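Okay, final15.txt is below, compact mmCIF, C-alpha atoms:
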```txt
# COMPACT_ATOMS: atom_id res chain seq x y z
CA MET A 1 0.00 0.00 0.00
CA ARG A 2 2.87 2.37 0.80
CA THR A 3 4.48 1.63 -2.56
CA LEU A 4 1.19 2.25 -4.37
CA ALA A 5 0.70 5.58 -2.59
CA GLY A 6 4.26 6.62 -3.41
CA GLN A 7 3.79 5.91 -7.11
CA VAL A 8 0.59 7.97 -7.24
CA ARG A 9 2.21 10.80 -5.30
CA ARG A 10 5.07 10.98 -7.81
CA THR A 11 2.99 10.64 -11.01
CA GLY A 12 -0.35 12.09 -9.98
CA VAL A 13 -2.07 9.28 -11.90
CA ARG A 14 -4.75 7.22 -10.22
CA ARG A 15 -3.89 3.53 -9.86
CA GLU A 16 -5.93 0.46 -8.98
CA VAL A 17 -4.61 -2.99 -8.10
CA GLU A 18 -6.03 -6.23 -6.74
CA LEU A 19 -4.07 -8.44 -4.39
CA ASP A 20 -4.43 -11.84 -2.74
CA LEU A 21 -2.95 -11.57 0.74
CA PRO A 22 -2.19 -14.72 2.74
CA ARG A 23 -3.87 -15.05 6.10
CA GLY A 24 -4.23 -17.70 8.77
CA ARG A 25 -1.72 -19.31 11.05
CA GLU A 26 1.77 -19.91 9.81
CA GLY A 27 2.11 -23.46 8.55
CA GLY A 28 -1.66 -23.93 8.45
CA PRO A 29 -4.04 -23.80 5.51
CA GLN A 30 -3.91 -20.38 3.86
CA SER A 31 -7.14 -18.70 2.83
CA PRO A 32 -6.18 -15.65 0.72
CA LEU A 33 -7.76 -12.30 1.50
CA GLY A 34 -8.71 -10.52 -1.72
CA VAL A 35 -8.22 -6.75 -1.58
CA HIS A 36 -8.96 -4.13 -4.24
CA LEU A 37 -6.87 -0.97 -3.72
CA ARG A 38 -7.59 2.39 -5.37
CA ALA A 39 -5.12 5.27 -4.89
CA VAL A 40 -5.97 8.83 -5.97
CA ALA A 41 -3.81 11.96 -5.68
CA LEU A 42 -5.52 14.75 -3.70
CA GLY A 43 -2.87 17.42 -4.14
CA GLY A 44 -0.45 18.82 -1.64
CA SER A 45 1.38 15.46 -1.41
CA PHE A 46 -1.77 13.85 -0.06
CA VAL A 47 -3.02 10.53 -1.48
CA SER A 48 -6.34 8.83 -0.81
CA VAL A 49 -6.21 5.03 -0.69
CA GLU A 50 -9.45 3.03 -0.66
CA ALA A 51 -9.47 -0.71 0.11
CA ALA A 52 -12.36 -3.03 -0.70
CA ASP A 53 -12.77 -6.68 0.31
CA VAL A 54 -13.08 -8.79 -2.87
CA THR A 55 -12.29 -12.14 -1.25
CA GLU A 56 -15.52 -13.78 -2.42
CA SER A 57 -15.07 -12.51 -5.97
CA HIS A 58 -11.54 -13.90 -6.11
CA ARG A 59 -12.72 -17.21 -4.65
CA VAL A 60 -15.38 -17.53 -7.34
CA ASP A 61 -12.79 -16.74 -10.03
CA ARG A 62 -10.47 -19.43 -8.67
CA VAL A 63 -13.28 -21.98 -8.59
CA ARG A 64 -14.21 -21.06 -12.17
CA ARG A 65 -10.62 -21.39 -13.39
CA ASP A 66 -10.17 -24.71 -11.62
CA PHE A 67 -13.47 -25.94 -13.03
CA VAL A 68 -12.53 -25.05 -16.60
CA ALA A 69 -9.10 -26.65 -16.19
CA ASN A 70 -10.60 -29.84 -14.75
CA VAL A 71 -13.26 -30.05 -17.46
CA SER A 72 -10.65 -29.56 -20.17
CA HIS A 73 -8.51 -32.31 -18.68
CA GLU A 74 -11.42 -34.72 -18.27
CA LEU A 75 -12.64 -34.14 -21.84
CA LYS A 76 -9.14 -34.44 -23.27
CA THR A 77 -8.69 -38.03 -22.10
CA PRO A 78 -11.68 -39.70 -23.83
CA ILE A 79 -11.41 -37.48 -26.92
CA GLY A 80 -7.75 -38.40 -27.34
CA ALA A 81 -8.60 -42.09 -26.90
CA LEU A 82 -11.36 -41.85 -29.50
CA GLN A 83 -8.99 -40.27 -32.00
CA LEU A 84 -6.35 -42.97 -31.54
CA LEU A 85 -8.91 -45.78 -31.71
CA ALA A 86 -10.49 -44.32 -34.84
CA GLU A 87 -7.07 -44.22 -36.53
CA ALA A 88 -6.38 -47.82 -35.51
CA LEU A 89 -9.80 -48.87 -36.80
CA LEU A 90 -9.14 -47.19 -40.14
CA ASP A 91 -5.80 -49.00 -40.43
CA ALA A 92 -7.37 -52.36 -39.55
CA THR A 93 -10.06 -51.98 -42.20
CA ASP A 94 -7.86 -50.47 -44.94
CA PRO A 95 -8.47 -52.60 -48.06
CA ASP A 96 -4.98 -51.80 -49.38
CA SER A 97 -3.23 -53.05 -46.28
CA VAL A 98 -1.40 -56.33 -46.56
CA THR A 99 -2.67 -59.02 -44.20
CA THR A 100 -2.08 -62.69 -43.90
CA ASP A 101 -5.37 -63.41 -42.14
CA PRO A 102 -8.47 -61.29 -42.78
CA ALA A 103 -10.03 -62.74 -39.62
CA GLU A 104 -7.36 -60.99 -37.57
CA ASP A 105 -8.36 -57.64 -39.09
CA VAL A 106 -12.01 -58.29 -38.29
CA ALA A 107 -11.18 -59.20 -34.70
CA ALA A 108 -9.01 -56.11 -34.33
CA ALA A 109 -11.70 -53.89 -35.85
CA ARG A 110 -14.27 -55.25 -33.42
CA ARG A 111 -11.91 -54.72 -30.49
CA PHE A 112 -11.31 -51.12 -31.49
CA ALA A 113 -15.03 -50.53 -32.03
CA GLU A 114 -15.80 -51.82 -28.52
CA ARG A 115 -13.21 -49.45 -27.06
CA ILE A 116 -14.68 -46.57 -29.06
CA GLN A 117 -18.13 -47.41 -27.69
CA SER A 118 -16.76 -47.51 -24.14
CA GLU A 119 -14.96 -44.17 -24.45
CA SER A 120 -17.92 -42.48 -26.13
CA THR A 121 -20.20 -43.72 -23.33
CA ARG A 122 -17.82 -42.29 -20.76
CA LEU A 123 -17.67 -38.99 -22.66
CA GLY A 124 -21.46 -38.81 -22.85
CA ARG A 125 -21.80 -39.50 -19.15
CA LEU A 126 -19.27 -36.78 -18.33
CA VAL A 127 -21.15 -34.23 -20.43
CA ASN A 128 -24.51 -35.21 -18.91
CA GLU A 129 -23.17 -34.94 -15.37
CA LEU A 130 -21.56 -31.58 -16.13
CA LEU A 131 -24.92 -30.30 -17.38
CA GLU A 132 -26.70 -31.73 -14.32
CA LEU A 133 -24.20 -30.17 -11.92
CA THR A 134 -24.37 -26.80 -13.70
CA ARG A 135 -28.15 -26.85 -13.47
CA LEU A 136 -28.07 -27.74 -9.77
CA GLN A 137 -25.66 -24.89 -9.06
CA GLY A 138 -27.63 -22.37 -11.11
CA ALA A 139 -29.86 -19.62 -9.85
CA GLU A 140 -33.04 -21.17 -11.21
CA PRO A 141 -35.58 -21.80 -8.46
CA LEU A 142 -36.38 -25.40 -7.64
CA PRO A 143 -39.76 -26.72 -8.74
CA ALA A 144 -42.46 -26.81 -6.11
CA PRO A 145 -41.65 -29.68 -3.73
CA GLU A 146 -43.85 -32.73 -4.06
CA PRO A 147 -44.16 -35.64 -1.64
CA VAL A 148 -41.76 -38.40 -2.66
CA ALA A 149 -42.16 -41.95 -1.38
CA VAL A 150 -38.82 -43.27 -0.19
CA ASP A 151 -39.95 -46.81 -1.03
CA TRP A 152 -40.32 -45.73 -4.67
CA VAL A 153 -36.89 -44.07 -4.64
CA VAL A 154 -35.21 -47.23 -3.36
CA ALA A 155 -37.05 -49.47 -5.84
CA GLU A 156 -36.09 -47.14 -8.70
CA VAL A 157 -32.45 -47.16 -7.63
CA ILE A 158 -32.33 -50.95 -7.35
CA ASP A 159 -33.74 -51.19 -10.88
CA ARG A 160 -31.18 -48.71 -12.26
CA THR A 161 -28.20 -50.46 -10.69
CA ARG A 162 -29.28 -54.07 -11.19
CA THR A 163 -27.11 -54.65 -14.28
CA ALA A 164 -23.95 -53.20 -12.71
CA ALA A 165 -24.48 -55.23 -9.54
CA SER A 166 -25.09 -58.46 -11.44
CA ALA A 167 -21.95 -57.95 -13.52
CA ARG A 168 -19.85 -57.97 -10.34
CA ASP A 169 -21.98 -60.54 -8.47
CA ILE A 170 -22.83 -57.99 -5.78
CA GLU A 171 -26.06 -58.29 -3.83
CA VAL A 172 -27.90 -55.10 -2.91
CA TYR A 173 -29.89 -55.57 0.30
CA VAL A 174 -32.66 -53.20 1.38
CA SER A 175 -33.82 -52.88 4.98
CA GLY A 176 -35.20 -50.36 7.43
CA ALA A 177 -38.41 -48.40 7.83
CA ARG A 178 -41.10 -48.45 5.16
CA GLY A 179 -43.66 -45.85 4.19
CA LEU A 180 -41.34 -42.87 4.68
CA THR A 181 -41.89 -39.64 2.73
CA VAL A 182 -39.61 -36.74 1.81
CA TYR A 183 -40.37 -33.63 -0.23
CA GLY A 184 -38.79 -32.34 -3.40
CA SER A 185 -37.98 -33.67 -6.86
CA ASP A 186 -38.41 -37.44 -7.15
CA SER A 187 -35.99 -37.65 -10.11
CA GLN A 188 -33.24 -35.70 -8.32
CA ILE A 189 -33.55 -37.67 -5.09
CA ALA A 190 -33.44 -40.94 -7.05
CA THR A 191 -30.35 -39.69 -8.92
CA ALA A 192 -28.59 -38.86 -5.65
CA VAL A 193 -29.25 -42.28 -4.11
CA ALA A 194 -28.42 -44.05 -7.39
CA ASN A 195 -25.05 -42.26 -7.52
CA LEU A 196 -24.25 -43.56 -4.03
CA VAL A 197 -25.25 -47.12 -4.86
CA GLU A 198 -23.33 -47.05 -8.15
CA ASN A 199 -20.23 -45.84 -6.31
CA ALA A 200 -20.67 -48.57 -3.70
CA ILE A 201 -20.85 -51.22 -6.43
CA ALA A 202 -17.91 -49.81 -8.37
CA TYR A 203 -15.58 -49.64 -5.37
CA SER A 204 -16.55 -52.98 -3.81
CA ALA A 205 -14.90 -56.29 -4.46
CA GLU A 206 -16.80 -58.89 -6.45
CA HIS A 207 -19.07 -61.33 -4.60
CA THR A 208 -19.75 -58.86 -1.78
CA LYS A 209 -22.86 -56.90 -0.78
CA VAL A 210 -24.18 -53.36 -0.55
CA ASP A 211 -26.70 -52.39 2.14
CA VAL A 212 -29.35 -49.70 1.66
CA VAL A 213 -30.99 -48.78 4.98
CA THR A 214 -33.85 -46.33 5.46
CA ARG A 215 -34.88 -44.76 8.74
CA GLY A 216 -36.68 -41.65 9.87
CA ASP A 217 -38.60 -39.71 12.48
CA ASP A 218 -40.86 -36.67 12.54
CA GLU A 219 -38.01 -34.35 11.53
CA TYR A 220 -35.73 -36.18 9.10
CA VAL A 221 -35.46 -39.20 6.84
CA GLU A 222 -32.13 -40.92 6.27
CA ILE A 223 -31.06 -43.20 3.42
CA ALA A 224 -27.74 -44.89 4.18
CA VAL A 225 -25.66 -46.83 1.63
CA THR A 226 -22.94 -49.09 3.05
CA ASP A 227 -20.39 -51.02 1.02
CA GLN A 228 -17.60 -53.49 1.74
CA GLY A 229 -15.14 -51.65 -0.48
CA ILE A 230 -11.66 -50.24 -0.19
CA GLY A 231 -12.65 -47.40 2.13
CA ILE A 232 -11.52 -43.78 2.18
CA GLY A 233 -8.51 -42.40 4.00
CA PRO A 234 -8.88 -39.63 6.62
CA SER A 235 -7.06 -37.14 4.40
CA ASP A 236 -9.58 -37.66 1.62
CA LEU A 237 -12.80 -37.49 3.64
CA ASP A 238 -12.92 -33.68 3.73
CA ARG A 239 -12.57 -33.40 -0.05
CA ILE A 240 -14.55 -36.38 -1.26
CA PHE A 241 -17.54 -34.23 -2.31
CA GLU A 242 -15.46 -31.80 -4.39
CA ARG A 243 -15.90 -31.78 -8.14
CA PHE A 244 -13.45 -34.08 -9.96
CA TYR A 245 -11.82 -35.17 -6.71
CA ARG A 246 -10.96 -38.86 -6.62
CA ALA A 247 -9.59 -40.65 -3.60
CA ASP A 248 -8.30 -43.44 -5.86
CA GLN A 249 -7.40 -42.05 -9.28
CA ALA A 250 -6.52 -45.36 -10.92
CA ARG A 251 -9.59 -47.21 -9.60
CA SER A 252 -11.89 -44.36 -10.58
CA ARG A 253 -10.68 -44.31 -14.17
CA ALA A 254 -10.89 -48.11 -14.37
CA THR A 255 -14.55 -47.94 -13.32
CA GLY A 256 -15.35 -45.08 -15.71
CA GLY A 257 -16.00 -42.59 -12.91
CA THR A 258 -16.18 -38.90 -13.77
CA GLY A 259 -15.45 -37.46 -10.34
CA LEU A 260 -18.77 -35.59 -10.37
CA GLY A 261 -21.18 -38.11 -8.86
CA LEU A 262 -20.65 -37.20 -5.20
CA ALA A 263 -20.66 -33.46 -5.97
CA ILE A 264 -24.08 -33.95 -7.57
CA VAL A 265 -25.28 -35.85 -4.49
CA LYS A 266 -24.14 -33.01 -2.22
CA HIS A 267 -25.89 -30.32 -4.27
CA ILE A 268 -29.12 -32.31 -4.51
CA ALA A 269 -29.16 -32.89 -0.74
CA THR A 270 -28.37 -29.23 -0.01
CA ASN A 271 -31.00 -27.97 -2.46
CA HIS A 272 -33.58 -30.11 -0.65
CA GLY A 273 -32.69 -28.67 2.76
CA GLY A 274 -30.66 -31.71 3.79
CA ARG A 275 -27.09 -32.92 3.76
CA VAL A 276 -24.93 -35.93 2.95
CA GLU A 277 -22.39 -37.45 5.33
CA VAL A 278 -19.74 -40.14 5.06
CA THR A 279 -18.00 -42.41 7.52
CA SER A 280 -15.21 -44.66 6.33
CA ARG A 281 -11.89 -46.28 7.06
CA LEU A 282 -9.31 -47.75 4.72
CA GLY A 283 -10.03 -51.40 4.08
CA GLY A 284 -13.25 -51.26 6.09
CA GLY A 285 -15.80 -49.97 3.61
CA SER A 286 -17.80 -46.74 3.61
CA THR A 287 -21.25 -45.52 4.59
CA PHE A 288 -22.81 -42.54 2.81
CA THR A 289 -25.97 -41.14 4.38
CA ILE A 290 -28.41 -38.70 2.79
CA ARG A 291 -30.47 -36.83 5.40
CA LEU A 292 -33.59 -35.05 4.12
CA PRO A 293 -36.38 -33.18 5.92
CA ALA A 294 -39.53 -35.20 6.58
CA ARG A 295 -41.68 -32.07 6.27
CA PRO A 296 -42.29 -29.80 3.28
CA PRO A 297 -40.32 -26.51 3.39
CA ASP A 298 -43.37 -24.40 4.29
CA ALA A 299 -44.73 -26.74 6.95
CA VAL A 300 -45.74 -25.01 10.17
CA LEU A 301 -43.92 -26.39 13.18
CA PRO A 302 -46.15 -27.40 16.09
CA LEU A 303 -46.33 -24.89 18.93
CA PRO A 304 -44.69 -25.87 22.19
CA PRO A 305 -47.05 -26.97 24.97
CA SER A 306 -48.57 -24.03 26.78
CA VAL A 307 -47.42 -23.29 30.30
CA GLU A 308 -49.74 -21.53 32.74
CA ILE A 309 -48.09 -18.56 34.41
CA GLU A 310 -49.21 -17.87 37.93
CA ALA A 311 -50.42 -14.35 38.68
CA GLY A 312 -48.06 -12.23 40.75
CA PRO A 313 -48.87 -9.89 43.64
CA ALA A 314 -51.64 -7.34 43.11
CA GLU A 315 -49.26 -4.38 43.14
CA LEU A 316 -47.29 -5.96 40.27
CA ARG A 317 -50.44 -6.69 38.27
CA GLN A 318 -51.50 -3.02 38.58
CA ALA A 319 -48.11 -1.66 37.58
```

What is this file in structure tokens?
Amino acid sequence: MRTLAGQVRRTGVRREVELDLPRGREGGPQSPLGVHLRAVALGGSFVSVEAADVTESHRVDRVRRDFVANVSHELKTPIGALQLLAEALLDATDPDSVTTDPAEDVAAARRFAERIQSESTRLGRLVNELLELTRLQGAEPLPAPEPVAVDWVVAEVIDRTRTAASARDIEVYVSGARGLTVYGSDSQIATAVANLVENAIAYSAEHTKVDVVTRGDDEYVEIAVTDQGIGIGPSDLDRIFERFYRADQARSRATGGTGLGLAIVKHIATNHGGRVEVTSRLGGGSTFTIRLPARPPDAVLPLPPSVEIEAGPAELRQA
């Protein structure tokens, strides 16, 4: 600030700068303080310096830059794979190429075509989840909340994930309370629970099980998904709901994960007035729990029981 004021004092020209200043304890996590400085010469060697807090604006800019960088990286991988596979497919089906066994070319072409299908499916899923996440984070108001039967949500999720579970010989068990109701968008709530069950299946060993447990009271309804998978380390638990964050990079790419599923779950739960929590330990599996209100947003809370107040002395009643 002193340097800025000195420059304006010498030149007489107004200057504006924006800075990110570190704050927090030394050695701890740094949360930059964004400051916008404006220096104006007043004459007579006097300079006016105005400082404005732009921390939130800078934070949003950083999130936007990181988001664009992550999206670019995630799109680059399947697009690059599609290009290479398409070139290999063209070479395998080139009629002018010399081959000793046409059957080998057919087998190679089929293998490349299957890879192209897999990568294009992954690319399509990434784009769809990006659009879904953008919509959830947008300023558009949510549709009017409707009662949603939790039994229907669970049945819908089991149907959606049946193929993936069967492919890995994983049983999905459902237990807990029946007849529970939450309020909001049935499709969004089903998407959130389906994302949790799909993750549980993808990160579990074959021939294991996934438990879906429902419970609730007058205030909240919980849907818990427990797997017997690889678990999540303590250092990853705080970041597991961030966009594109993967606790196990190699495993996530092998399963076709986009790194957006849990971020979508978090936004859906938050938009419905609830939250999502996780408990886990490495090698001991994980439990993800969605907690949603059991009342509609505009429901009137019951009044507390009335308490009769005894009358005081006469002189106090007349005061």

| task | Would you please work out which residue, of A:Arg23, A:Arg59, A:Arg2, A:Arg115, is nearest to Val47 (chain A) when using all atoms listed in the file? | result |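 Checking each of A:Arg23, A:Arg59, A:Arg2, A:Arg115 against Val47 (chain A), counting all atoms listed in the file, the winner is A:Arg2.
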
| query | What does the distance from CA of Leu260 (chain A) to CA of Glu242 (chain A) come to in Å, to one decimal? | reply |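 The value is 7.8 Å.
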
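The space separating CA of Val182 (chain A) from CA of Leu262 (chain A) comes to 20.2 Å.
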
| field | Interatomic distance, CA of Gly229 (chain A) to CA of Tyr203 (chain A) (Å, one decimal) | value |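 Those two atoms sit 5.3 Å apart.
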
| said: I'd like to know which of A:Pro32, A:Arg295, A:Phe241, A:Pro234 is closest to Arg281 (chain A), using all atoms listed in the file. | reply: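 The answer is A:Pro234, which sits nearest to Arg281 (chain A).
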
Which region 206-287 of chain A residues have any atom within 12 Å of an atom of region 188-191 of chain A, and for each, what is the nearest pair of atoms with distance in Å to one decimal, counting only C-alpha atoms, rows sorted by chain and number, as a Markdown table?
```
| residue | atom | partner | partner_atom | distance |
| --- | --- | --- | --- | --- |
| A:Glu222 | CA | A:Ile189 | CA | 11.9 |
| A:Ile223 | CA | A:Ile189 | CA | 10.4 |
| A:Gly261 | CA | A:Thr191 | CA | 9.3 |
| A:Leu262 | CA | A:Thr191 | CA | 10.7 |
| A:Ala263 | CA | A:Thr191 | CA | 11.9 |
| A:Ile264 | CA | A:Thr191 | CA | 8.6 |
| A:Val265 | CA | A:Thr191 | CA | 7.8 |
| A:Lys266 | CA | A:Ile189 | CA | 10.9 |
| A:His267 | CA | A:Gln188 | CA | 10.0 |
| A:Ile268 | CA | A:Gln188 | CA | 6.6 |
| A:Ala269 | CA | A:Ile189 | CA | 7.8 |
| A:Thr270 | CA | A:Ile189 | CA | 11.1 |
| A:Asn271 | CA | A:Gln188 | CA | 10.0 |
| A:His272 | CA | A:Ile189 | CA | 8.8 |
| A:Gly273 | CA | A:Ile189 | CA | 12.0 |
| A:Gly274 | CA | A:Ile189 | CA | 11.1 |
| A:Arg275 | CA | A:Ile189 | CA | 11.9 |
| A:Val276 | CA | A:Ile189 | CA | 11.9 |
```

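In terms of minimum interatomic distance to Ser187 (chain A), A:Val153 ranks closest within A:Leu292, A:Val40, A:Val210, A:Val153, counting all atoms listed in the file.
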
| query | What's the 7 Å shell around Ile170 (chain A), counting all atoms listed in the file, without same-chain residues fewer than 5 positions away, as a PyMOL selection string? | reply | chain A and resi 165+206-209

Selected residues written out, C-alpha atoms, as an mmCIF file, keeping the file's coordinate frame:
```
data_model
loop_
_atom_site.group_PDB
_atom_site.id
_atom_site.type_symbol
_atom_site.label_atom_id
_atom_site.label_comp_id
_atom_site.auth_asym_id
_atom_site.auth_seq_id
_atom_site.Cartn_x
_atom_site.Cartn_y
_atom_site.Cartn_z
ATOM 1 C CA ALA A 165 -24.480 -55.230 -9.540
ATOM 2 C CA GLU A 206 -16.800 -58.890 -6.450
ATOM 3 C CA HIS A 207 -19.070 -61.330 -4.600
ATOM 4 C CA THR A 208 -19.750 -58.860 -1.780
ATOM 5 C CA LYS A 209 -22.860 -56.900 -0.780
#
```

| field | Nearby residues (all atoms listed in the file) at most 9 Å from Glu18 (chain A), same-chain spacing under 5 positions excluded, as number ranges by chain | value | A: 34-38, 54

Model the absent atoms of region 157-174 of chain A so that N, CA, C and O atoms are present, and write the result as a compact mmCIF listing (two decimals), keeping the file's coordinate frame.
```txt
# COMPACT_ATOMS: atom_id res chain seq x y z
N VAL A 157 -33.91 -47.05 -7.67
CA VAL A 157 -32.45 -47.16 -7.63
C VAL A 157 -32.01 -48.61 -7.83
O VAL A 157 -31.04 -48.89 -8.57
N ILE A 158 -32.68 -49.53 -7.19
CA ILE A 158 -32.33 -50.95 -7.35
C ILE A 158 -32.48 -51.36 -8.82
O ILE A 158 -31.65 -52.09 -9.37
N ASP A 159 -33.53 -50.87 -9.47
CA ASP A 159 -33.74 -51.19 -10.88
C ASP A 159 -32.63 -50.60 -11.75
O ASP A 159 -32.13 -51.25 -12.67
N ARG A 160 -32.22 -49.36 -11.46
CA ARG A 160 -31.18 -48.71 -12.26
C ARG A 160 -29.83 -49.40 -12.13
O ARG A 160 -29.05 -49.43 -13.09
N THR A 161 -29.54 -49.91 -10.95
CA THR A 161 -28.20 -50.46 -10.69
C THR A 161 -28.14 -51.97 -10.78
O THR A 161 -27.09 -52.56 -10.49
N ARG A 162 -29.24 -52.60 -11.17
CA ARG A 162 -29.28 -54.07 -11.19
C ARG A 162 -28.22 -54.66 -12.11
O ARG A 162 -27.53 -55.63 -11.76
N THR A 163 -28.07 -54.10 -13.31
CA THR A 163 -27.11 -54.65 -14.28
C THR A 163 -25.68 -54.55 -13.77
O THR A 163 -24.91 -55.51 -13.85
N ALA A 164 -25.31 -53.38 -13.22
CA ALA A 164 -23.95 -53.20 -12.71
C ALA A 164 -23.68 -54.14 -11.54
O ALA A 164 -22.58 -54.71 -11.43
N ALA A 165 -24.66 -54.33 -10.68
CA ALA A 165 -24.48 -55.23 -9.54
C ALA A 165 -24.34 -56.68 -9.99
O ALA A 165 -23.49 -57.42 -9.49
N SER A 166 -25.15 -57.08 -10.96
CA SER A 166 -25.09 -58.46 -11.44
C SER A 166 -23.76 -58.74 -12.12
O SER A 166 -23.21 -59.85 -11.99
N ALA A 167 -23.22 -57.75 -12.83
CA ALA A 167 -21.95 -57.95 -13.52
C ALA A 167 -20.81 -58.24 -12.55
O ALA A 167 -19.85 -58.93 -12.90
N ARG A 168 -20.90 -57.76 -11.33
CA ARG A 168 -19.85 -57.97 -10.34
C ARG A 168 -20.29 -58.94 -9.24
O ARG A 168 -19.58 -59.12 -8.25
N ASP A 169 -21.45 -59.58 -9.44
CA ASP A 169 -21.98 -60.54 -8.47
C ASP A 169 -22.07 -59.92 -7.08
O ASP A 169 -21.63 -60.48 -6.08
N ILE A 170 -22.65 -58.71 -7.04
CA ILE A 170 -22.83 -57.99 -5.78
C ILE A 170 -24.32 -57.93 -5.47
O ILE A 170 -25.13 -57.54 -6.31
N GLU A 171 -24.67 -58.33 -4.26
CA GLU A 171 -26.06 -58.29 -3.83
C GLU A 171 -26.35 -56.95 -3.15
O GLU A 171 -25.57 -56.47 -2.34
N VAL A 172 -27.47 -56.35 -3.53
CA VAL A 172 -27.90 -55.10 -2.91
C VAL A 172 -29.07 -55.41 -1.98
O VAL A 172 -30.14 -55.82 -2.46
N TYR A 173 -28.86 -55.26 -0.69
CA TYR A 173 -29.89 -55.57 0.30
C TYR A 173 -30.56 -54.29 0.79
O TYR A 173 -29.89 -53.29 1.06
N VAL A 174 -31.88 -54.35 0.92
CA VAL A 174 -32.66 -53.20 1.38
C VAL A 174 -33.31 -53.55 2.71
O VAL A 174 -33.91 -54.62 2.85
```
